[in-house]
Amino acid sequence: MEQSMRKETEGQSGHLSSLSEKECLAKKKYTTHTSGDVLIAGIFPFTYTELEHTQDNYFQVSHQSGYQCPSVSELILNGEMQLLFQIHSGSEFHLVLALAFAIEEINKNPHLLPNTTLGFSTYSIGQRDVMPFRNLMFSISGKDFIINYICKRDSQTIVALTGPAGTVSSQCATLLDLYRFPQLNFGRFDPVLSDHRLFPSIYKMAPKDTSLASAMVSLMAHFGWNWVGLVISEDETGMAMLSQLREEMNKHRVCAAFEHMVSTAFFNNAVENLSSHRKIAKWMTNVFVIYGDNDLLLIVLNAVGRYLTVGKVWVINSLSTLILTMRSYLSTVIHAPLIFSQHHGEISGFNNFIKTANPSKYPEDYYLALVWIRSFNCTFSESSCVTWKNCPANASLEWLPRYLFDMVVLEESYNIYNAVYAVAQALHEMLAAHAETQAVGNGTHLVFSPSQLHPFLKNIHFNNPAGDQVILDEPKKLEAEYDIVNLWNFPEGLRQAVKVGKFSAYEPPGHQLSLSEDMIEWPEPFTETPTSGCGWHCRPGFRKALREGQAPCCFHCLTCPQNEISNRTDMEQCVRCPDHQYANEQRSICLPKSESFLDYKDPLGMALVCLALFLSAITMAIIGIFVKHNNTPIVKANNRAVSYILLISLNYCFLCSLLFIGHPNTATCILQQTTFGVVFTVAVSSVLAKTITVVLAFSVTSSGHRMRQWLVSGMPNFLIPICTLIQLVLCGIWLGTSPPFIDTDALSEHGHIIILCNKGSATAFYCVLGYLGSLALASFTVAFLARNLPDTFNEAKFLTFSMLVFCSVWVTFLPVYHSTQGKTMMILEVFSILASSAGLLGCIFVPKCYIILLRPDRNSLHGIRGETHSGRKKPS
């Protein structure tokens, strides 16, 4: 039976292999206790494993003298309690070490509590909810429950450290608040504990955690993650965090793919686990935000973690929570998460304290003895329980793997360090303020009510040895700053916490978050920064457009409009390029526009120049023909002088089109329209004069002397200067009020800024054009009425047709002119000038040149009359 019990006990305790080891561990009476004038009670989340109940005694423990209480080993033998303490996590033991280090450091400080020593007792929260209440009851009543002994003691407990979960503090408060017993929570900031009506004796050591939501969402916005999943603990703290996350996510336009609340009952509900897995798995998101304590993370890992960690980024709210949880998950279940850890200073000497802590230095420490037995295969010497054998030389806690014990000072350990200093400062001030307090009992211990510490704890405000401010009064607390930690994955499941960034709410907006992205190790299979969005990323040149009926973060991509760009990924609005720039074909950048005008070197400009010069040359040739045949009847007919004026004006009409070609300047801008208006007025008034001459010539033959006087007096010739003078007056008014000037058009032609002449006053321009049109209409009307006048060399039909062509060109020109922009407008105006002038030249003078050059027989009075008479005689 004894051998069977030993095997069973060895299975529970791992390395406990001999009766001497059990006896030595049982004799370590002050396993969680350090004596002092006043004590601090620590309520820590240690776990217990129950042993099989037995009524048989397998070994007896001999008590040292002075002990008046049974040991736990004896209780086990008597079947009254079967509990064996086990350390499951290095982070749990870290809390004890932080407490011990702070106590030791303060006791060595001659300026802080010089005549008083501090001690501590730790109490465990195991699987039985009654344990913390029983232990607290012993502490308040003057008794102390220690892991191996229940003993009377003379030291007084003045404050309790509880945590890290707020539920532990709230449960303990049901008992401690009855006595106004001070309680310091060393966990993260819990807003539930801020209700001083419910928890008047609880003080929170952590700084305010209200900027955590902003920090997390800032990280999402930095990487462009706008589609994330939220897994939040289903308690008051989780609900408050969810509300803050929603508010911050709305500000940065980040959407929740799902919001899943996890309750404590969720852990053992297999059906709900499976349902949650399916629910979360259907959302295509690469980023999960996990907020809660280690219990929540364990639940998530058991429920969905094994399925949703490969290729997913986990953003977690606590480094200590993750490290505590990772002891059971040593593979790549959680690969390279991003953790927000509260920033704090370095505790000088703490690492060295941990490295040098060993059972020989602290022979009564049960934890260290158990670690040395389990981790280093050490055994007690046969002669003494304070000496060791078979131990590696210089064995240290530093040798332990990180998943078992991490040397990093975690948030809770740092808060415990601050809590001990806060108690010491408050006690120091209280003793200084109440110097008349007398010692009682044997004169070596102080007796006072722990409730007397409240006014001093509330007003505590000091800098700890690490340089950080410690404030217990909640309204005066500072906002927490966060270190962003990436958990690098090393071979064989080892991990290294690496700081990759920082968030501080005290920095100006835009500079609160700082990251070293090249240091971040992303989960497999990502080789670069992961993306997480509802829909594809809109590359430069496109903008996001919301999908109707879906979440605001779900969108599709639309090409930017003409001359607008988007030069970044996922832009919501395209940006219009400045007038002097244009968008490239990809709509991603704005390029400077090049100057453009109707240049002589352009193919079209060159063609128009050649056409204008060709028509001018033809006009000069016709003038030469007319001069050579000046005295022939066909030249003399219909007012020879007016014909010369018309030919010269048409030649200028052809040449004035050259003013519209080439780089504009002030002179050409002024001459373009005024020259065009004047020379065309001369040409059209000449046509009108020729038409009136035809009418008067016919009237002379039919009505006699009176019309002959008008014709002989040269009255038609006066029409030209009169009409031209009126046009000159209009042009003078135009130039005097709002003359044309050089202008640019940056919108008409893509990629170019067109240099052109602005007409200045549009009213003056249309007055000039309207006056010219009135003359043309009058000429056409008179010529049309005189088209059938029977007379020798009557050119009324030619004049009618020429004015029809002229009016058709300009009637067509006006609406088209208004519908065009840029160089096209200038090209159209030049073409209209050349076409209308060519119409007048061709319709009026080409038939005459044909007769002069090819039918000279018809260019005589005899030939014309003979042909006319023979044509009039009809056969009978």
# chains A, B, ... in the order shown; residues from 1 in each chain; ligands from 1
call {"tool": "residues_around", "arguments": {"residues": "Gly42 of chain A", "least_positions_apart": "3", "cutoff": "9 Å", "atoms": "only C-alpha atoms", "output": "PyMOL selection string"}}
result
chain A and resi 96+99+120-124+159-163
call {"tool": "write_last_selection", "arguments": {"atoms": "all heavy atoms", "output": "PDB file, in the first residue's frame"}}
result
ATOM      1  N   VAL A  96       4.814  36.268  -6.539  1.00  0.00           N
ATOM      2  CA  VAL A  96       5.413  36.064  -5.221  1.00  0.00           C
ATOM      3  C   VAL A  96       6.799  36.690  -5.171  1.00  0.00           C
ATOM      4  O   VAL A  96       7.169  37.352  -4.197  1.00  0.00           O
ATOM      5  CB  VAL A  96       5.486  34.565  -4.895  1.00  0.00           C
ATOM      6  CG1 VAL A  96       6.126  34.357  -3.526  1.00  0.00           C
ATOM      7  CG2 VAL A  96       4.097  33.945  -4.938  1.00  0.00           C
ATOM      8  N   LEU A  99       6.578  40.485  -4.909  1.00  0.00           N
ATOM      9  CA  LEU A  99       6.202  40.867  -3.549  1.00  0.00           C
ATOM     10  C   LEU A  99       7.396  40.726  -2.603  1.00  0.00           C
ATOM     11  O   LEU A  99       7.699  41.637  -1.809  1.00  0.00           O
ATOM     12  CB  LEU A  99       5.032  40.003  -3.083  1.00  0.00           C
ATOM     13  CG  LEU A  99       4.546  40.198  -1.652  1.00  0.00           C
ATOM     14  CD1 LEU A  99       4.119  41.642  -1.406  1.00  0.00           C
ATOM     15  CD2 LEU A  99       3.399  39.242  -1.338  1.00  0.00           C
ATOM     16  N   PHE A 120       5.054  39.491   4.687  1.00  0.00           N
ATOM     17  CA  PHE A 120       3.915  39.172   3.825  1.00  0.00           C
ATOM     18  C   PHE A 120       3.485  37.734   4.027  1.00  0.00           C
ATOM     19  O   PHE A 120       4.267  36.879   4.479  1.00  0.00           O
ATOM     20  CB  PHE A 120       4.261  39.418   2.347  1.00  0.00           C
ATOM     21  CG  PHE A 120       5.223  38.425   1.768  1.00  0.00           C
ATOM     22  CD1 PHE A 120       4.770  37.270   1.146  1.00  0.00           C
ATOM     23  CD2 PHE A 120       6.593  38.639   1.828  1.00  0.00           C
ATOM     24  CE1 PHE A 120       5.649  36.355   0.605  1.00  0.00           C
ATOM     25  CE2 PHE A 120       7.481  37.729   1.285  1.00  0.00           C
ATOM     26  CZ  PHE A 120       7.011  36.578   0.679  1.00  0.00           C
ATOM     27  N   SER A 121       2.251  37.496   3.687  1.00  0.00           N
ATOM     28  CA  SER A 121       1.692  36.151   3.617  1.00  0.00           C
ATOM     29  C   SER A 121       0.887  36.054   2.335  1.00  0.00           C
ATOM     30  O   SER A 121       0.153  36.978   1.989  1.00  0.00           O
ATOM     31  CB  SER A 121       0.779  35.868   4.819  1.00  0.00           C
ATOM     32  OG  SER A 121       1.511  35.868   6.020  1.00  0.00           O
ATOM     33  N   THR A 122       1.050  34.956   1.630  1.00  0.00           N
ATOM     34  CA  THR A 122       0.298  34.786   0.390  1.00  0.00           C
ATOM     35  C   THR A 122      -0.766  33.729   0.584  1.00  0.00           C
ATOM     36  O   THR A 122      -0.545  32.719   1.270  1.00  0.00           O
ATOM     37  CB  THR A 122       1.228  34.375  -0.765  1.00  0.00           C
ATOM     38  OG1 THR A 122       1.881  33.165  -0.436  1.00  0.00           O
ATOM     39  CG2 THR A 122       2.252  35.458  -1.051  1.00  0.00           C
ATOM     40  N   TYR A 123      -1.884  33.962  -0.014  1.00  0.00           N
ATOM     41  CA  TYR A 123      -3.017  33.041   0.044  1.00  0.00           C
ATOM     42  C   TYR A 123      -3.403  32.687  -1.374  1.00  0.00           C
ATOM     43  O   TYR A 123      -3.315  33.503  -2.293  1.00  0.00           O
ATOM     44  CB  TYR A 123      -4.203  33.672   0.779  1.00  0.00           C
ATOM     45  CG  TYR A 123      -3.838  34.133   2.170  1.00  0.00           C
ATOM     46  CD1 TYR A 123      -3.520  35.467   2.409  1.00  0.00           C
ATOM     47  CD2 TYR A 123      -3.788  33.235   3.231  1.00  0.00           C
ATOM     48  CE1 TYR A 123      -3.175  35.898   3.678  1.00  0.00           C
ATOM     49  CE2 TYR A 123      -3.442  33.655   4.498  1.00  0.00           C
ATOM     50  CZ  TYR A 123      -3.134  34.987   4.710  1.00  0.00           C
ATOM     51  OH  TYR A 123      -2.789  35.403   5.961  1.00  0.00           O
ATOM     52  N   SER A 124      -3.854  31.479  -1.545  1.00  0.00           N
ATOM     53  CA  SER A 124      -4.107  30.982  -2.887  1.00  0.00           C
ATOM     54  C   SER A 124      -5.605  30.925  -3.183  1.00  0.00           C
ATOM     55  O   SER A 124      -6.429  30.682  -2.312  1.00  0.00           O
ATOM     56  CB  SER A 124      -3.507  29.584  -3.046  1.00  0.00           C
ATOM     57  OG  SER A 124      -4.013  28.739  -2.043  1.00  0.00           O
ATOM     58  N   VAL A 159      -3.152  45.179   5.014  1.00  0.00           N
ATOM     59  CA  VAL A 159      -3.699  45.416   3.675  1.00  0.00           C
ATOM     60  C   VAL A 159      -3.660  44.113   2.903  1.00  0.00           C
ATOM     61  O   VAL A 159      -2.851  43.219   3.210  1.00  0.00           O
ATOM     62  CB  VAL A 159      -2.878  46.511   2.934  1.00  0.00           C
ATOM     63  CG1 VAL A 159      -1.507  45.991   2.546  1.00  0.00           C
ATOM     64  CG2 VAL A 159      -3.620  47.036   1.705  1.00  0.00           C
ATOM     65  N   ALA A 160      -4.550  43.984   1.921  1.00  0.00           N
ATOM     66  CA  ALA A 160      -4.609  42.790   1.079  1.00  0.00           C
ATOM     67  C   ALA A 160      -4.354  43.173  -0.363  1.00  0.00           C
ATOM     68  O   ALA A 160      -4.891  44.177  -0.863  1.00  0.00           O
ATOM     69  CB  ALA A 160      -5.962  42.099   1.202  1.00  0.00           C
ATOM     70  N   LEU A 161      -3.534  42.373  -1.039  1.00  0.00           N
ATOM     71  CA  LEU A 161      -3.303  42.528  -2.478  1.00  0.00           C
ATOM     72  C   LEU A 161      -4.110  41.466  -3.199  1.00  0.00           C
ATOM     73  O   LEU A 161      -3.926  40.264  -2.934  1.00  0.00           O
ATOM     74  CB  LEU A 161      -1.821  42.374  -2.813  1.00  0.00           C
ATOM     75  CG  LEU A 161      -0.829  43.273  -2.072  1.00  0.00           C
ATOM     76  CD1 LEU A 161       0.584  43.017  -2.567  1.00  0.00           C
ATOM     77  CD2 LEU A 161      -1.202  44.735  -2.238  1.00  0.00           C
ATOM     78  N   THR A 162      -4.988  41.859  -4.078  1.00  0.00           N
ATOM     79  CA  THR A 162      -5.869  40.912  -4.758  1.00  0.00           C
ATOM     80  C   THR A 162      -5.760  41.102  -6.262  1.00  0.00           C
ATOM     81  O   THR A 162      -5.450  42.175  -6.758  1.00  0.00           O
ATOM     82  CB  THR A 162      -7.330  41.107  -4.327  1.00  0.00           C
ATOM     83  OG1 THR A 162      -7.729  42.452  -4.610  1.00  0.00           O
ATOM     84  CG2 THR A 162      -7.503  40.833  -2.851  1.00  0.00           C
ATOM     85  N   GLY A 163      -6.064  40.058  -6.979  1.00  0.00           N
ATOM     86  CA  GLY A 163      -6.046  40.139  -8.435  1.00  0.00           C
ATOM     87  C   GLY A 163      -5.580  38.829  -9.041  1.00  0.00           C
ATOM     88  O   GLY A 163      -5.483  37.823  -8.345  1.00  0.00           O
TER      89      GLY A 163
END
call {"tool": "residues_around", "arguments": {"residues": "segment 832-834 of chain A", "least_positions_apart": "3", "cutoff": "8 Å", "atoms": "only C-alpha atoms", "output": "number ranges by chain"}}
result
A: 612, 653-654, 657, 809-810, 813, 828-829, 837-838
call {"tool": "write_last_selection", "arguments": {"atoms": "N, CA, C and O atoms", "output": "PDB file, in the first residue's frame"}}
result
ATOM      1  N   ALA A 612      -4.103  78.932 -97.243  1.00  0.00           N
ATOM      2  CA  ALA A 612      -4.277  80.387 -97.273  1.00  0.00           C
ATOM      3  C   ALA A 612      -3.342  81.021 -98.292  1.00  0.00           C
ATOM      4  O   ALA A 612      -3.757  81.907 -99.071  1.00  0.00           O
ATOM      5  N   CYS A 653      -8.344  88.888 -96.894  1.00  0.00           N
ATOM      6  CA  CYS A 653      -9.111  87.902 -96.105  1.00  0.00           C
ATOM      7  C   CYS A 653      -8.333  86.599 -95.986  1.00  0.00           C
ATOM      8  O   CYS A 653      -8.276  85.993 -94.903  1.00  0.00           O
ATOM      9  N   PHE A 654      -7.737  86.156 -97.120  1.00  0.00           N
ATOM     10  CA  PHE A 654      -6.931  84.936 -97.056  1.00  0.00           C
ATOM     11  C   PHE A 654      -5.730  85.120 -96.136  1.00  0.00           C
ATOM     12  O   PHE A 654      -5.396  84.243 -95.344  1.00  0.00           O
ATOM     13  N   SER A 657      -6.103  85.170 -92.143  1.00  0.00           N
ATOM     14  CA  SER A 657      -6.233  83.890 -91.434  1.00  0.00           C
ATOM     15  C   SER A 657      -4.910  83.467 -90.819  1.00  0.00           C
ATOM     16  O   SER A 657      -4.886  82.690 -89.856  1.00  0.00           O
ATOM     17  N   VAL A 809     -21.716  79.276 -95.209  1.00  0.00           N
ATOM     18  CA  VAL A 809     -20.519  78.994 -94.409  1.00  0.00           C
ATOM     19  C   VAL A 809     -20.648  79.586 -93.019  1.00  0.00           C
ATOM     20  O   VAL A 809     -20.416  78.923 -92.006  1.00  0.00           O
ATOM     21  N   TRP A 810     -21.064  80.847 -92.944  1.00  0.00           N
ATOM     22  CA  TRP A 810     -21.094  81.499 -91.636  1.00  0.00           C
ATOM     23  C   TRP A 810     -22.302  81.086 -90.798  1.00  0.00           C
ATOM     24  O   TRP A 810     -22.230  81.077 -89.561  1.00  0.00           O
ATOM     25  N   PHE A 813     -21.105  78.032 -89.373  1.00  0.00           N
ATOM     26  CA  PHE A 813     -19.992  78.278 -88.454  1.00  0.00           C
ATOM     27  C   PHE A 813     -20.463  78.615 -87.042  1.00  0.00           C
ATOM     28  O   PHE A 813     -19.911  78.116 -86.060  1.00  0.00           O
ATOM     29  N   LEU A 828     -11.590  76.035 -86.714  1.00  0.00           N
ATOM     30  CA  LEU A 828     -12.887  76.253 -87.358  1.00  0.00           C
ATOM     31  C   LEU A 828     -13.026  77.678 -87.875  1.00  0.00           C
ATOM     32  O   LEU A 828     -13.540  77.906 -88.991  1.00  0.00           O
ATOM     33  N   GLU A 829     -12.569  78.655 -87.106  1.00  0.00           N
ATOM     34  CA  GLU A 829     -12.668  80.044 -87.535  1.00  0.00           C
ATOM     35  C   GLU A 829     -11.781  80.307 -88.753  1.00  0.00           C
ATOM     36  O   GLU A 829     -12.199  80.989 -89.706  1.00  0.00           O
ATOM     37  N   SER A 837     -14.242  83.148 -98.096  1.00  0.00           N
ATOM     38  CA  SER A 837     -13.509  83.982 -99.059  1.00  0.00           C
ATOM     39  C   SER A 837     -13.328  83.250-100.379  1.00  0.00           C
ATOM     40  O   SER A 837     -13.463  83.843-101.476  1.00  0.00           O
ATOM     41  N   ALA A 838     -13.017  81.958-100.294  1.00  0.00           N
ATOM     42  CA  ALA A 838     -12.866  81.175-101.517  1.00  0.00           C
ATOM     43  C   ALA A 838     -14.185  81.073-102.272  1.00  0.00           C
ATOM     44  O   ALA A 838     -14.209  81.035-103.522  1.00  0.00           O
TER      45      ALA A 838
END
call {"tool": "residues_around", "arguments": {"residues": "His343 of chain A", "least_positions_apart": "2", "cutoff": "6 Å", "atoms": "only C-alpha atoms", "output": "list in words"}}
result
Glu481, Tyr482 and Asp483 of chain A
call {"tool": "closest_atom_pairs", "arguments": {"of": "segment 554-661 of chain A", "to": "segment 676-696 of chain A", "cutoff": "9 Å", "atoms": "only C-alpha atoms", "output": "JSON lines"}}
result
{"residue": "A:Asn638", "atom": "CA", "partner": "A:Lys690", "partner_atom": "CA", "distance": 6.0}
{"residue": "A:Asn639", "atom": "CA", "partner": "A:Lys690", "partner_atom": "CA", "distance": 6.6}
{"residue": "A:Val642", "atom": "CA", "partner": "A:Ser686", "partner_atom": "CA", "distance": 6.0}
{"residue": "A:Ser643", "atom": "CA", "partner": "A:Ser686", "partner_atom": "CA", "distance": 7.6}
{"residue": "A:Ile645", "atom": "CA", "partner": "A:Ser686", "partner_atom": "CA", "distance": 7.0}
{"residue": "A:Leu646", "atom": "CA", "partner": "A:Ala683", "partner_atom": "CA", "distance": 5.2}
{"residue": "A:Leu647", "atom": "CA", "partner": "A:Ala683", "partner_atom": "CA", "distance": 8.0}
{"residue": "A:Ile648", "atom": "CA", "partner": "A:Ala683", "partner_atom": "CA", "distance": 8.5}
{"residue": "A:Ser649", "atom": "CA", "partner": "A:Ala683", "partner_atom": "CA", "distance": 5.4}
{"residue": "A:Leu650", "atom": "CA", "partner": "A:Ala683", "partner_atom": "CA", "distance": 6.3}
{"residue": "A:Tyr652", "atom": "CA", "partner": "A:Val679", "partner_atom": "CA", "distance": 6.6}
{"residue": "A:Cys653", "atom": "CA", "partner": "A:Val679", "partner_atom": "CA", "distance": 6.1}
{"residue": "A:Cys656", "atom": "CA", "partner": "A:Phe676", "partner_atom": "CA", "distance": 6.4}
{"residue": "A:Ser657", "atom": "CA", "partner": "A:Phe676", "partner_atom": "CA", "distance": 7.9}
call {"tool": "closest_residue", "arguments": {"among": "A:Thr210, A:Asn859, A:Ser532, A:Ser169", "to": "Ala256 of chain A", "atoms": "only C-alpha atoms"}}
result
A:Ser532
call {"tool": "residues_around", "arguments": {"residues": "segment 516-525 of chain A", "least_positions_apart": "2", "cutoff": "8 Å", "atoms": "only C-alpha atoms", "output": "short mmCIF file (atom, residue, chain, number, x, y, z; two decimals) with C-alpha atoms, in the first residue's frame"}}
result
data_model
loop_
_atom_site.label_atom_id
_atom_site.label_comp_id
_atom_site.auth_asym_id
_atom_site.auth_seq_id
_atom_site.Cartn_x
_atom_site.Cartn_y
_atom_site.Cartn_z
CA VAL A 310 -2.93 29.88 -39.11
CA GLY A 311 -2.81 32.96 -41.30
CA LYS A 312 -4.59 35.12 -38.71
CA VAL A 313 -3.36 38.10 -36.71
CA HIS A 335 1.76 32.54 -33.93
CA ALA A 336 3.19 36.04 -33.72
CA PRO A 337 0.33 37.95 -32.06
CA ASN A 486 5.27 40.94 -30.90
CA LEU A 487 5.78 37.35 -29.85
CA TRP A 488 8.52 35.93 -32.04
CA VAL A 500 7.90 46.68 -31.84
CA GLY A 501 6.03 49.88 -31.06
CA SER A 514 4.90 54.59 -33.39
CA THR A 527 5.51 37.37 -46.12
CA GLU A 528 4.43 41.00 -45.83
CA THR A 529 1.93 43.08 -43.90
CA PRO A 530 -1.41 41.20 -43.93
#
call {"tool": "residues_around", "arguments": {"residues": "Phe798 of chain A", "least_positions_apart": "6", "cutoff": "9 Å", "atoms": "only C-alpha atoms", "output": "PyMOL selection string"}}
result
chain A and resi 783+787+843-845+847
call {"tool": "closest_residue", "arguments": {"among": "A:His428, A:Arg188, A:Arg253, A:Lys848", "to": "Ile416 of chain A", "atoms": "only C-alpha atoms"}}
result
A:Arg188
call {"tool": "residues_around", "arguments": {"residues": "Pro207 of chain A", "least_positions_apart": "4", "cutoff": "9 Å", "atoms": "only C-alpha atoms", "output": "list in words"}}
result
Arg188, Phe189, Gln342, Val470, Ile471, Leu472, Glu474, Lys477, Leu478, Glu479, Ala480 and Glu481 of chain A
call {"tool": "atom_distance", "arguments": {"atom1": "atom CA of Asn651 of chain A", "atom2": "atom CA of Leu719 of chain A"}}
result
20.0 Å
call {"tool": "residues_around", "arguments": {"residues": "segment 627-629 of chain A", "least_positions_apart": "5", "cutoff": "12 Å", "atoms": "only C-alpha atoms", "output": "NGL selection string"}}
result
:A and (620-622 or 634-636 or 640-641 or 643-644 or 647 or 848-849 or 851-853 or 856 or 859-860)
call {"tool": "select_by_dssp", "arguments": {"residues": "segment 350-589 of chain A", "states": "strand (DSSP E)", "output": "short mmCIF file (atom, residue, chain, number, x, y, z; two decimals) with N, CA and C atoms, in the first residue's frame"}}
result
data_model
loop_
_atom_site.label_atom_id
_atom_site.label_comp_id
_atom_site.auth_asym_id
_atom_site.auth_seq_id
_atom_site.Cartn_x
_atom_site.Cartn_y
_atom_site.Cartn_z
N THR A 379 17.72 16.79 -5.09
CA THR A 379 17.17 16.07 -3.93
C THR A 379 17.79 16.63 -2.67
N PHE A 380 17.05 16.47 -1.57
CA PHE A 380 17.59 16.89 -0.26
C PHE A 380 18.67 15.91 0.17
N TRP A 388 21.40 20.44 -0.31
CA TRP A 388 20.94 19.77 -1.51
C TRP A 388 22.07 18.92 -2.11
N LYS A 389 21.64 17.97 -2.89
CA LYS A 389 22.60 17.16 -3.63
C LYS A 389 22.07 16.91 -5.03
N HIS A 461 0.87 59.93 -3.52
CA HIS A 461 1.34 60.42 -4.82
C HIS A 461 2.86 60.54 -4.72
N PHE A 462 3.58 59.58 -5.32
CA PHE A 462 5.05 59.58 -5.22
C PHE A 462 5.63 58.92 -6.47
N ASN A 463 6.91 59.05 -6.63
CA ASN A 463 7.64 58.38 -7.71
C ASN A 463 8.34 57.15 -7.14
N GLN A 469 5.27 57.54 -11.69
CA GLN A 469 4.37 58.08 -10.68
C GLN A 469 3.40 56.99 -10.20
N VAL A 470 3.15 56.99 -8.90
CA VAL A 470 2.19 56.08 -8.30
C VAL A 470 1.10 56.91 -7.65
N ILE A 471 -0.14 56.76 -8.15
CA ILE A 471 -1.29 57.51 -7.65
C ILE A 471 -2.43 56.52 -7.44
N TYR A 482 1.24 52.31 -23.71
CA TYR A 482 1.31 50.89 -24.08
C TYR A 482 2.54 50.59 -24.93
N ASP A 483 3.18 49.51 -24.58
CA ASP A 483 4.20 48.92 -25.45
C ASP A 483 3.51 47.88 -26.33
N ILE A 484 3.77 47.95 -27.61
CA ILE A 484 3.21 46.96 -28.54
C ILE A 484 4.25 45.87 -28.70
N VAL A 485 3.90 44.67 -28.26
CA VAL A 485 4.84 43.55 -28.19
C VAL A 485 4.45 42.50 -29.22
N ASN A 486 5.46 42.02 -29.93
CA ASN A 486 5.27 40.94 -30.90
C ASN A 486 5.94 39.69 -30.35
N LEU A 487 5.23 38.59 -30.37
CA LEU A 487 5.78 37.35 -29.85
C LEU A 487 6.44 36.59 -30.98
N TRP A 488 7.76 36.65 -31.01
CA TRP A 488 8.52 35.93 -32.04
C TRP A 488 8.50 34.45 -31.73
N ASN A 489 8.38 33.66 -32.77
CA ASN A 489 8.32 32.21 -32.60
C ASN A 489 9.68 31.61 -32.94
N ARG A 495 9.56 31.12 -27.32
CA ARG A 495 9.07 32.40 -27.81
C ARG A 495 9.83 33.54 -27.13
N GLN A 496 9.91 34.65 -27.86
CA GLN A 496 10.58 35.82 -27.34
C GLN A 496 9.67 37.03 -27.54
N ALA A 497 9.36 37.73 -26.45
CA ALA A 497 8.53 38.94 -26.54
C ALA A 497 9.42 40.11 -26.96
N VAL A 498 9.10 40.73 -28.09
CA VAL A 498 9.91 41.81 -28.66
C VAL A 498 9.04 43.05 -28.78
N LYS A 499 9.52 44.16 -28.24
CA LYS A 499 8.80 45.42 -28.36
C LYS A 499 8.97 45.97 -29.78
N VAL A 500 7.85 46.19 -30.46
CA VAL A 500 7.90 46.68 -31.84
C VAL A 500 7.24 48.05 -32.00
N GLY A 501 6.68 48.58 -30.93
CA GLY A 501 6.03 49.88 -31.06
C GLY A 501 5.56 50.40 -29.72
N LYS A 502 4.93 51.55 -29.77
CA LYS A 502 4.45 52.21 -28.56
C LYS A 502 3.25 53.08 -28.90
N PHE A 503 2.35 53.21 -27.94
CA PHE A 503 1.20 54.12 -28.08
C PHE A 503 1.12 54.98 -26.83
N LEU A 513 0.89 56.83 -32.17
CA LEU A 513 1.33 55.47 -32.46
C LEU A 513 2.66 55.50 -33.20
N SER A 514 3.62 54.74 -32.70
CA SER A 514 4.90 54.59 -33.39
C SER A 514 5.20 53.10 -33.51
N LEU A 515 5.64 52.67 -34.70
CA LEU A 515 5.87 51.25 -34.97
C LEU A 515 7.18 51.05 -35.74
N PHE A 542 -8.22 54.29 -58.56
CA PHE A 542 -9.60 53.90 -58.27
C PHE A 542 -10.01 54.49 -56.92
N ARG A 543 -11.30 54.57 -56.71
CA ARG A 543 -11.83 55.02 -55.43
C ARG A 543 -12.82 53.99 -54.91
N LYS A 544 -13.02 54.02 -53.58
CA LYS A 544 -13.94 53.09 -52.96
C LYS A 544 -15.38 53.59 -53.11
N ALA A 545 -16.26 52.67 -53.40
CA ALA A 545 -17.70 52.98 -53.46
C ALA A 545 -18.43 51.94 -52.63
N LEU A 546 -19.29 52.39 -51.75
CA LEU A 546 -19.99 51.49 -50.84
C LEU A 546 -20.89 50.53 -51.61
N PHE A 555 -17.01 47.49 -49.92
CA PHE A 555 -17.04 48.42 -51.05
C PHE A 555 -16.53 47.74 -52.31
N HIS A 556 -16.75 48.39 -53.44
CA HIS A 556 -16.11 47.99 -54.68
C HIS A 556 -15.37 49.20 -55.25
N CYS A 557 -14.58 48.99 -56.26
CA CYS A 557 -13.67 50.02 -56.75
C CYS A 557 -14.17 50.61 -58.07
N LEU A 558 -14.17 51.93 -58.16
CA LEU A 558 -14.57 52.64 -59.37
C LEU A 558 -13.40 53.46 -59.89
N THR A 559 -13.26 53.52 -61.20
CA THR A 559 -12.20 54.32 -61.81
C THR A 559 -12.45 55.80 -61.56
N GLU A 564 -9.02 63.36 -62.71
CA GLU A 564 -8.97 63.17 -61.27
C GLU A 564 -8.11 61.94 -60.98
N ILE A 565 -7.46 61.94 -59.82
CA ILE A 565 -6.54 60.86 -59.48
C ILE A 565 -6.79 60.36 -58.07
N VAL A 575 -9.06 62.95 -56.27
CA VAL A 575 -8.64 64.35 -56.16
C VAL A 575 -8.45 64.92 -57.55
N ARG A 576 -9.04 66.07 -57.79
CA ARG A 576 -8.93 66.69 -59.10
C ARG A 576 -7.55 67.33 -59.26
N GLN A 581 -2.17 70.98 -64.51
CA GLN A 581 -1.73 69.59 -64.58
C GLN A 581 -2.86 68.72 -65.10
N TYR A 582 -2.51 67.48 -65.48
CA TYR A 582 -3.52 66.54 -65.97
C TYR A 582 -3.21 65.15 -65.44
N ALA A 583 -4.24 64.32 -65.38
CA ALA A 583 -4.09 62.96 -64.86
C ALA A 583 -3.53 62.05 -65.94
#
call {"tool": "closest_residue", "arguments": {"among": "A:Ser214, A:Ala432, A:Gln586, A:Leu400", "to": "Ala505 of chain A", "atoms": "only C-alpha atoms"}}
result
A:Ser214
